[in-house]
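Engineer: Here you go, my_file.txt (compact mmCIF, C-alpha atoms):
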```
# COMPACT_ATOMS: atom_id res chain seq x y z
CA MET T 255 131.56 -49.24 -40.82
CA LEU T 256 131.18 -45.49 -40.38
CA ILE T 257 128.11 -43.30 -39.85
CA ALA T 258 127.91 -40.10 -41.86
CA LYS T 259 125.43 -38.49 -39.50
CA GLU T 260 124.98 -35.25 -41.43
CA HIS T 261 123.93 -37.21 -44.51
CA LYS T 262 122.20 -40.07 -42.65
CA LYS T 263 124.35 -42.63 -44.43
CA ILE T 264 126.22 -45.78 -43.44
CA LEU T 265 129.62 -46.21 -45.12
CA LEU T 266 130.79 -49.80 -45.61
CA ASN T 267 134.21 -51.03 -46.67
CA LEU T 268 133.38 -54.49 -48.04
CA ASN T 269 135.44 -57.13 -49.80
CA ASP T 270 132.37 -58.15 -51.81
CA PRO T 271 129.76 -55.37 -52.00
CA SER T 272 127.51 -57.18 -54.49
CA GLN T 273 125.11 -58.57 -51.87
CA VAL T 274 124.57 -55.20 -50.20
CA MET T 275 124.20 -53.46 -53.56
CA ALA T 276 121.56 -55.98 -54.63
CA LEU T 277 119.57 -56.00 -51.39
CA ILE T 278 119.41 -52.33 -50.41
CA PRO T 279 117.62 -49.71 -52.53
CA GLY T 280 119.64 -46.52 -52.67
CA ALA T 281 123.00 -48.27 -52.17
CA LYS T 282 125.77 -46.49 -54.05
CA MET T 283 129.45 -47.09 -54.67
CA VAL T 284 131.56 -44.03 -53.83
CA ASN T 285 135.30 -43.47 -53.94
CA ILE T 286 136.81 -42.01 -50.79
CA LYS T 287 140.55 -41.41 -50.78
CA GLY T 288 141.09 -44.06 -53.42
CA HIS T 289 138.91 -46.68 -51.73
CA ASP T 290 135.61 -47.99 -53.08
CA ILE T 291 133.07 -47.59 -50.31
CA VAL T 292 129.41 -48.62 -50.28
CA SER T 293 127.08 -45.87 -49.09
CA VAL T 294 123.58 -46.89 -47.93
CA PRO T 295 120.76 -44.92 -46.31
CA HIS T 296 120.78 -45.11 -42.52
CA ASN T 297 117.16 -45.98 -41.79
CA LEU T 298 115.23 -48.76 -40.08
CA ASP T 299 114.82 -50.94 -43.18
CA THR T 300 118.50 -50.77 -44.11
CA THR T 301 119.56 -51.51 -40.53
CA ARG T 302 117.38 -54.62 -40.45
CA VAL T 303 118.75 -55.88 -43.78
CA LEU T 304 122.37 -55.33 -42.74
CA ARG T 305 121.82 -57.14 -39.44
CA ASN T 306 120.13 -60.03 -41.23
CA ILE T 307 123.24 -60.58 -43.35
CA GLY T 308 125.56 -60.37 -40.35
CA LEU T 309 126.61 -56.71 -40.36
CA LYS T 310 126.03 -55.07 -36.97
CA ALA T 311 124.56 -51.77 -38.10
CA PRO T 312 123.62 -49.34 -35.31
CA ALA T 313 119.98 -48.36 -34.92
CA PRO T 314 119.07 -44.92 -36.29
CA ILE T 315 117.45 -43.88 -32.99
CA LEU T 316 120.90 -43.91 -31.35
CA HIS T 317 122.20 -41.28 -33.79
CA TYR T 318 119.28 -39.04 -34.75
CA TYR T 319 116.89 -38.91 -31.81
CA ASP T 320 116.85 -36.18 -29.17
CA TRP T 321 116.01 -38.16 -26.05
CA GLN T 322 113.24 -36.14 -24.42
CA GLY T 323 112.41 -36.03 -20.76
CA ARG T 324 113.80 -35.12 -17.40
CA TYR T 325 116.19 -38.05 -17.23
CA LYS T 326 119.01 -39.39 -19.34
CA PRO T 327 118.29 -43.00 -20.31
CA PHE T 328 120.20 -45.82 -18.66
CA ILE T 329 122.21 -48.06 -20.99
CA HIS T 330 119.56 -50.78 -20.85
CA GLN T 331 116.90 -48.22 -21.82
CA TYR T 332 118.91 -47.15 -24.88
CA GLU T 333 119.17 -50.83 -25.83
CA THR T 334 115.48 -51.48 -25.19
CA SER T 335 114.32 -48.49 -27.26
CA GLU T 336 116.72 -49.51 -30.03
CA ALA T 337 115.33 -53.05 -30.12
CA LEU T 338 111.74 -51.82 -30.05
CA THR T 339 112.20 -49.56 -33.08
CA LEU T 340 113.78 -52.37 -35.11
CA ASN T 341 111.19 -55.06 -34.31
CA PRO T 342 107.54 -54.46 -35.19
CA ARG T 343 106.55 -57.58 -33.21
CA PHE T 344 108.45 -57.60 -29.93
CA PHE T 345 108.46 -58.94 -26.37
CA CYS T 346 109.94 -56.58 -23.78
CA LEU T 347 110.58 -58.77 -20.73
CA ASN T 348 112.69 -56.33 -18.71
CA ASP T 349 112.34 -56.68 -14.94
CA MET T 350 109.85 -54.64 -12.96
CA GLY T 351 111.22 -51.19 -12.12
CA SER T 352 113.60 -51.11 -15.09
CA GLY T 353 111.82 -48.24 -16.86
CA LYS T 354 109.98 -50.13 -19.60
CA THR T 355 107.36 -47.38 -19.90
CA LEU T 356 109.89 -44.67 -20.75
CA SER T 357 111.75 -46.99 -23.12
CA VAL T 358 108.51 -47.58 -25.02
CA LEU T 359 107.64 -43.87 -25.08
CA TRP T 360 111.09 -42.94 -26.41
CA ALA T 361 110.81 -45.59 -29.12
CA PHE T 362 107.31 -44.47 -30.06
CA ASP T 363 108.33 -40.81 -30.07
CA TYR T 364 111.14 -41.61 -32.50
CA LEU T 365 108.85 -43.64 -34.77
CA ARG T 366 106.23 -40.88 -34.62
CA LYS T 367 108.70 -38.15 -35.54
CA THR T 368 110.11 -40.17 -38.43
CA ASN T 369 106.59 -40.80 -39.80
CA VAL T 370 106.75 -44.57 -39.32
CA ILE T 371 103.86 -44.60 -36.82
CA ASP T 372 101.02 -42.10 -36.37
CA TRP T 373 99.50 -43.14 -33.03
CA MET T 374 99.90 -45.64 -30.22
CA LEU T 375 97.27 -47.66 -28.39
CA VAL T 376 98.36 -48.80 -24.92
CA ILE T 377 96.31 -51.64 -23.41
CA SER T 378 97.09 -51.46 -19.71
CA PRO T 379 95.80 -52.54 -16.28
CA LEU T 380 93.25 -50.14 -14.88
CA SER T 381 95.59 -49.10 -12.06
CA THR T 382 98.26 -47.77 -14.44
CA LEU T 383 96.17 -45.83 -16.97
CA GLU T 384 96.67 -42.47 -15.27
CA ARG T 385 99.42 -43.00 -12.73
CA THR T 386 101.89 -44.64 -15.08
CA TRP T 387 101.25 -43.91 -18.76
CA ALA T 388 99.47 -40.55 -18.63
CA ASP T 389 101.78 -39.22 -15.91
CA GLU T 390 104.97 -40.27 -17.73
CA ILE T 391 103.77 -38.62 -20.95
CA PHE T 392 102.86 -35.43 -19.06
CA ARG T 393 106.23 -35.27 -17.28
CA HIS T 394 108.56 -36.11 -20.15
CA PHE T 395 106.83 -35.44 -23.51
CA PRO T 396 105.18 -32.00 -23.60
CA ASP T 397 104.49 -32.27 -27.33
CA MET T 398 102.76 -35.68 -27.05
CA SER T 399 99.00 -35.77 -26.51
CA CYS T 400 97.31 -38.56 -24.56
CA ALA T 401 93.74 -39.70 -23.98
CA VAL T 402 92.77 -42.14 -21.23
CA VAL T 403 89.90 -44.02 -22.86
CA HIS T 404 87.94 -45.01 -19.78
CA GLY T 405 84.45 -44.30 -18.48
CA SER T 406 81.04 -44.42 -20.08
CA PRO T 407 80.65 -45.67 -23.66
CA ASP T 408 79.81 -42.15 -24.84
CA LYS T 409 82.93 -40.73 -23.19
CA ARG T 410 85.16 -43.37 -24.76
CA LEU T 411 83.73 -42.73 -28.21
CA ARG T 412 84.14 -38.96 -27.83
CA LEU T 413 87.81 -39.40 -26.93
CA LEU T 414 88.41 -41.78 -29.82
CA ALA T 415 86.77 -39.33 -32.22
CA ASP T 416 89.50 -36.76 -31.49
CA PRO T 417 93.11 -37.05 -32.70
CA TYR T 418 95.64 -37.96 -30.00
CA ASP T 419 99.13 -39.37 -30.20
CA VAL T 420 98.48 -41.96 -27.49
CA TYR T 421 95.26 -43.69 -26.47
CA VAL T 422 95.35 -45.65 -23.20
CA ILE T 423 92.66 -48.24 -22.52
CA ASN T 424 92.29 -50.83 -19.77
CA HIS T 425 92.54 -54.58 -20.37
CA ASP T 426 88.82 -55.25 -20.16
CA GLY T 427 87.99 -52.22 -22.31
CA ILE T 428 89.00 -54.16 -25.40
CA LYS T 429 85.99 -56.46 -24.93
CA SER T 430 83.69 -53.59 -25.99
CA LYS T 431 82.93 -54.07 -29.69
CA GLN T 432 81.79 -50.46 -29.98
CA THR T 433 85.08 -49.18 -28.56
CA MET T 434 87.25 -51.47 -30.68
CA ASP T 435 85.33 -50.60 -33.84
CA ALA T 436 86.12 -46.93 -33.13
CA ILE T 437 89.82 -47.75 -32.63
CA LYS T 438 89.89 -49.65 -35.91
CA LYS T 439 88.73 -46.48 -37.66
CA LEU T 440 91.63 -44.37 -36.36
CA PRO T 441 93.46 -42.97 -39.41
CA GLY T 442 97.07 -43.71 -40.18
CA ARG T 443 99.43 -46.34 -38.87
CA GLY T 444 99.04 -47.56 -35.32
CA LEU T 445 101.28 -49.23 -32.78
CA VAL T 446 99.65 -51.50 -30.18
CA VAL T 447 101.39 -51.90 -26.81
CA ILE T 448 100.10 -54.52 -24.37
CA ASP T 449 101.25 -53.66 -20.86
CA GLU T 450 101.39 -56.54 -18.36
CA LEU T 451 101.05 -59.02 -21.20
CA ALA T 452 101.00 -61.99 -18.83
CA ALA T 453 97.44 -61.02 -17.91
CA PHE T 454 96.59 -62.51 -21.33
CA ARG T 455 98.14 -65.92 -20.65
CA ASN T 456 94.76 -67.70 -20.87
CA SER T 457 93.55 -67.99 -24.46
CA GLY T 458 90.09 -69.05 -23.33
CA THR T 459 89.10 -65.63 -21.95
CA GLU T 460 86.92 -63.18 -23.81
CA ARG T 461 89.51 -60.43 -23.61
CA TRP T 462 92.23 -62.69 -25.09
CA LYS T 463 89.95 -63.59 -27.99
CA ALA T 464 89.04 -59.93 -28.56
CA LEU T 465 92.68 -58.84 -28.48
CA ASN T 466 93.82 -61.66 -30.75
CA LYS T 467 91.22 -60.77 -33.35
CA PHE T 468 92.16 -57.09 -33.12
CA ILE T 469 95.91 -57.50 -33.57
CA ASN T 470 96.13 -60.68 -35.66
CA GLY T 471 93.19 -60.03 -37.93
CA ASP T 472 90.63 -62.42 -39.34
CA LYS T 473 91.53 -64.40 -42.47
CA LYS T 474 87.93 -65.37 -43.18
CA ALA T 475 86.84 -61.74 -43.03
CA GLY T 476 89.86 -60.58 -45.02
CA ILE T 477 91.20 -58.47 -42.10
CA PRO T 478 95.02 -58.43 -42.10
CA PRO T 479 97.10 -58.54 -38.90
CA ARG T 480 98.56 -55.35 -37.46
CA GLU T 481 102.22 -54.79 -38.17
CA TRP T 482 103.37 -53.13 -34.94
CA VAL T 483 102.58 -54.92 -31.65
CA TRP T 484 104.76 -54.87 -28.52
CA GLY T 485 104.09 -56.95 -25.41
CA LEU T 486 105.50 -55.87 -22.04
CA THR T 487 105.84 -57.95 -18.90
CA GLY T 488 108.49 -58.57 -16.27
CA THR T 489 106.89 -61.90 -15.29
CA PRO T 490 106.09 -63.80 -18.50
CA ILE T 491 105.50 -67.19 -16.84
CA PRO T 492 104.19 -66.44 -13.33
CA ASN T 493 102.70 -69.91 -12.79
CA GLU T 494 104.17 -72.44 -15.22
CA PRO T 495 105.94 -72.63 -18.61
CA THR T 496 102.67 -73.06 -20.49
CA ASP T 497 101.82 -69.43 -19.60
CA ALA T 498 104.01 -68.44 -22.55
CA TRP T 499 101.85 -70.07 -25.23
CA ALA T 500 98.89 -67.67 -25.27
CA GLN T 501 101.20 -64.65 -25.09
CA ALA T 502 103.30 -65.89 -28.00
CA LYS T 503 100.13 -66.59 -29.98
CA LEU T 504 99.32 -62.88 -29.67
CA ILE T 505 102.70 -61.36 -30.46
CA ASN T 506 104.48 -63.96 -32.59
CA PRO T 507 102.07 -66.80 -33.42
CA SER T 508 104.42 -68.47 -35.91
CA ASN T 509 106.89 -69.17 -33.09
CA VAL T 510 104.68 -71.64 -31.22
CA PRO T 511 102.56 -74.65 -32.22
CA PRO T 512 98.98 -73.82 -33.22
CA TYR T 513 97.54 -75.92 -30.38
CA PHE T 514 98.07 -75.48 -26.65
CA GLY T 515 98.35 -79.23 -26.02
CA THR T 516 101.33 -79.55 -28.34
CA PHE T 517 103.15 -76.73 -26.57
CA ARG T 518 102.24 -78.12 -23.14
CA ASP T 519 103.71 -81.50 -24.06
CA SER T 520 106.96 -79.83 -25.11
CA VAL T 521 107.49 -77.98 -21.82
CA MET T 522 105.75 -80.23 -19.25
CA TYR T 523 105.29 -83.91 -18.45
CA PRO T 524 102.41 -85.65 -16.64
CA ILE T 525 103.08 -86.65 -13.03
CA THR T 526 99.56 -87.92 -12.41
CA GLN T 527 96.32 -87.65 -14.34
CA TYR T 528 95.80 -84.08 -13.05
CA LYS T 529 99.31 -82.93 -12.16
CA TRP T 530 102.08 -81.79 -14.48
CA GLY T 531 105.75 -80.91 -13.95
CA ALA T 532 108.10 -78.70 -15.95
CA ARG T 533 110.59 -80.43 -18.24
CA ALA T 534 114.31 -79.74 -17.75
CA ASP T 535 114.55 -77.68 -20.96
CA ALA T 536 111.24 -75.84 -20.50
CA LEU T 537 112.82 -72.40 -20.00
CA ASN T 538 114.88 -72.78 -23.18
CA ILE T 539 111.72 -73.56 -25.16
CA VAL T 540 109.92 -70.59 -23.60
CA HIS T 541 112.92 -68.39 -24.43
CA LYS T 542 112.76 -69.44 -28.08
CA ALA T 543 109.01 -68.87 -28.18
CA MET T 544 109.34 -65.35 -26.76
```
Is it possible to give me this structure as structure tokens?

Structural biologist:
Amino acid sequence: MLIAKEHKKILLNLNDPSQVMALIPGAKMVNIKGHDIVSVPHNLDTTRVLRNIGLKAPAPILHYYDWQGRYKPFIHQYETSEALTLNPRFFCLNDMGSGKTLSVLWAFDYLRKTNVIDWMLVISPLSTLERTWADEIFRHFPDMSCAVVHGSPDKRLRLLADPYDVYVINHDGIKSKQTMDAIKKLPGRGLVVIDELAAFRNSGTERWKALNKFINGDKKAGIPPREWVWGLTGTPIPNEPTDAWAQAKLINPSNVPPYFGTFRDSVMYPITQYKWGARADALNIVHKAM
């Protein structure tokens, strides 16, 4: 496998090219020095297809993106940004202090500049609206605009009425129907990032219900789910394995049972009527769910 960077093509020397030719639009057979080579576009869709059939194609962001900012990414940040761009629904469970915010901003910046995504909504704890997200954008991305959607209802609506690349709102802000209705009207394709996702580990709260309806739609009302949703947390199960269920229901609902009790029984066992213990394989089940 070779990358023809100047042409944004992947060149494949395959024993049987029929599968690739059938699956990938734009695939062509070319002859290079007497060898039949398959040439395919090097984009996100092609990369996903090639990986799904067992060919380890590199992510386009690693070849065509100019990594903005004051710092060169660490290897794990390259890998995180790569994974984010290739997975519309994604859990980023990197440890605290590993630079998740910058990894997300690099991935979003690439998707924005390749016209995959138009804007990003970050749902974040109140303490990190300015000091983390807004500050990182200001320091590293001079061509990226950001609005911190916090304050009076009128102020929030004024900010949402103007075009920004990134809108940052606090966790409880999503409970405002007026605010969320304004976000739903934002033009173009949006990416939703939930920072400190573990704060939504209780599906009985109003903010979990509001967020779930916003990102996963409403079948009865004919509202489709959003395509791009990333959840970030370095502590996905701070209390017990069942913490994973509500988070998975938000990001990847098909990966867990529809009912909490079923998931609880798979990762925990009753010790007494009111006390439960984690099963031996609980972490493996949580890993598969997330």

Engineer: Which residues are close to Leu356 of chain T, i.e. within 12 Å by all atoms listed in the file, leaving aside same-chain residues fewer than 6 positions away? Reply as an MDAnalysis selection string.

Structural biologist: chainID T and resid 321:328 330:332 334:335 338 362:363 386:395

Engineer: Report the distance between atom CA of Pro271 of chain T and atom CA of Glu333 of chain T in Å, rounded to one decimal place.

Structural biologist: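 Those two atoms sit 28.6 Å apart.
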
Engineer: With distances taken over all atoms listed in the file, which residue among T:Phe468, T:Lys429, T:Pro495, T:Leu504 lies nearest Ala534 of chain T?

Structural biologist: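 Looking only at the distances to Ala534 of chain T, the closest residue turns out to be T:Pro495.
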
Engineer: Which polymer residues have any atom within 9 Å of an atom of Leu383 of chain T, counting only C-alpha atoms, with same-chain residues fewer than 4 positions away left out, as a PDB file with C-alpha atoms, keeping the file's coordinate frame?

Structural biologist:
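As a result, selection-v6.pdb now contains:
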```pdb
ATOM      1  CA  VAL T 376      98.360 -48.800 -24.920  1.00  0.00           C
ATOM      2  CA  ILE T 377      96.310 -51.640 -23.410  1.00  0.00           C
ATOM      3  CA  SER T 378      97.090 -51.460 -19.710  1.00  0.00           C
ATOM      4  CA  PRO T 379      95.800 -52.540 -16.280  1.00  0.00           C
ATOM      5  CA  TRP T 387     101.250 -43.910 -18.760  1.00  0.00           C
ATOM      6  CA  ALA T 388      99.470 -40.550 -18.630  1.00  0.00           C
ATOM      7  CA  ASP T 389     101.780 -39.220 -15.910  1.00  0.00           C
ATOM      8  CA  VAL T 402      92.770 -42.140 -21.230  1.00  0.00           C
ATOM      9  CA  VAL T 403      89.900 -44.020 -22.860  1.00  0.00           C
ATOM     10  CA  HIS T 404      87.940 -45.010 -19.780  1.00  0.00           C
ATOM     11  CA  VAL T 422      95.350 -45.650 -23.200  1.00  0.00           C
ATOM     12  CA  ILE T 423      92.660 -48.240 -22.520  1.00  0.00           C
ATOM     13  CA  ASN T 424      92.290 -50.830 -19.770  1.00  0.00           C
TER      14      ASN T 424
END
```

Engineer: Would you please work out which residue, of T:Arg480, T:His425, T:Arg305, T:His296, is nearest to Ala452 of chain T when using only C-alpha atoms?

Structural biologist: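 Smallest distance to Ala452 of chain T is found for T:His425.
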
Engineer: Between T:Val294, T:Ile505, T:Ala464, T:Met398, single out the one closest to Leu486 of chain T, counting all atoms listed in the file.

Structural biologist: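 When distances to Leu486 of chain T are compared using all atoms listed in the file, the smallest one comes from T:Ile505.
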
Engineer: From the options T:Phe514, T:Trp360, T:Lys542, T:Thr496, which residue's atoms come nearest to Trp530 of chain T, counting all atoms listed in the file?

Structural biologist: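 Comparing T:Phe514, T:Trp360, T:Lys542, T:Thr496 against Trp530 of chain T, the winner is T:Thr496.
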
Engineer: Restricting the calculation to all atoms listed in the file: of T:Ala500, T:Ile437, T:Val284, T:Ile448, which residue gets closest to Lys463 of chain T?

Structural biologist: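 Looking only at the distances to Lys463 of chain T, the closest residue turns out to be T:Ala500.
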
Engineer: My list of candidates is T:Val446, T:Ile291, T:Val274, T:Ile469. Which is closest to Val358 of chain T when distances are computed with only C-alpha atoms?

Structural biologist: T:Val446

Engineer: Please measure the separation of atom CA of Leu298 of chain T and atom CA of Leu375 of chain T, giving the value in Å to one decimal.

Structural biologist: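 Between atom CA of Leu298 of chain T and atom CA of Leu375 of chain T the gap is 21.5 Å.
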
Engineer: Quick one: distance from atom CA of Gln432 of chain T to atom CA of Pro417 of chain T in Å, one decimal?

Structural biologist: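 Answer for the atom CA of Gln432 of chain T to atom CA of Pro417 of chain T separation: 17.8 Å.
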
Engineer: Counting all atoms listed in the file, note down every residue that has an atom within 12 Å of the point (128.4, -53.4, -53.2) (file coordinates), as a ChimeraX atom specification.

Structural biologist: /T:265-284,290-294

Engineer: I need the residues from that last selection saved to file as a PDB file, in the frame of the given file (with C-alpha atoms), if you can.

Structural biologist:
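Generated output (again-v4.pdb):
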```pdb
ATOM      1  CA  LEU T 265     129.620 -46.210 -45.120  1.00  0.00           C
ATOM      2  CA  LEU T 266     130.790 -49.800 -45.610  1.00  0.00           C
ATOM      3  CA  ASN T 267     134.210 -51.030 -46.670  1.00  0.00           C
ATOM      4  CA  LEU T 268     133.380 -54.490 -48.040  1.00  0.00           C
ATOM      5  CA  ASN T 269     135.440 -57.130 -49.800  1.00  0.00           C
ATOM      6  CA  ASP T 270     132.370 -58.150 -51.810  1.00  0.00           C
ATOM      7  CA  PRO T 271     129.760 -55.370 -52.000  1.00  0.00           C
ATOM      8  CA  SER T 272     127.510 -57.180 -54.490  1.00  0.00           C
ATOM      9  CA  GLN T 273     125.110 -58.570 -51.870  1.00  0.00           C
ATOM     10  CA  VAL T 274     124.570 -55.200 -50.200  1.00  0.00           C
ATOM     11  CA  MET T 275     124.200 -53.460 -53.560  1.00  0.00           C
ATOM     12  CA  ALA T 276     121.560 -55.980 -54.630  1.00  0.00           C
ATOM     13  CA  LEU T 277     119.570 -56.000 -51.390  1.00  0.00           C
ATOM     14  CA  ILE T 278     119.410 -52.330 -50.410  1.00  0.00           C
ATOM     15  CA  PRO T 279     117.620 -49.710 -52.530  1.00  0.00           C
ATOM     16  CA  GLY T 280     119.640 -46.520 -52.670  1.00  0.00           C
ATOM     17  CA  ALA T 281     123.000 -48.270 -52.170  1.00  0.00           C
ATOM     18  CA  LYS T 282     125.770 -46.490 -54.050  1.00  0.00           C
ATOM     19  CA  MET T 283     129.450 -47.090 -54.670  1.00  0.00           C
ATOM     20  CA  VAL T 284     131.560 -44.030 -53.830  1.00  0.00           C
ATOM     21  CA  ASP T 290     135.610 -47.990 -53.080  1.00  0.00           C
ATOM     22  CA  ILE T 291     133.070 -47.590 -50.310  1.00  0.00           C
ATOM     23  CA  VAL T 292     129.410 -48.620 -50.280  1.00  0.00           C
ATOM     24  CA  SER T 293     127.080 -45.870 -49.090  1.00  0.00           C
ATOM     25  CA  VAL T 294     123.580 -46.890 -47.930  1.00  0.00           C
TER      26      VAL T 294
END
```

Engineer: What box, with edges along x, y and z, holds each listed atom of segment 499-502 of chain T when 4 Å is added on every side, and can you state its centre and edge lengths in Å to one decimal, as AutoDock Vina command-line options?

Structural biologist:
```
--center_x 101.1 --center_y -67.4 --center_z -26.5 --size_x 12.4 --size_y 13.4 --size_z 10.9
```

Engineer: So which residues fall inside 10 Å of (109.7, -71.9, -27.0) if we count all atoms listed in the file? Mind giving them as a list in words?

Structural biologist: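 The residues that fall inside the cut-off are Pro495, Thr496, Ala498, Trp499, Ala502, Asn509, Val510, Pro511, Phe517, Ser520, Val521, Asp535, Ala536, Leu537, Asn538, Ile539, Val540, His541, Lys542, Ala543 and Met544 of chain T.
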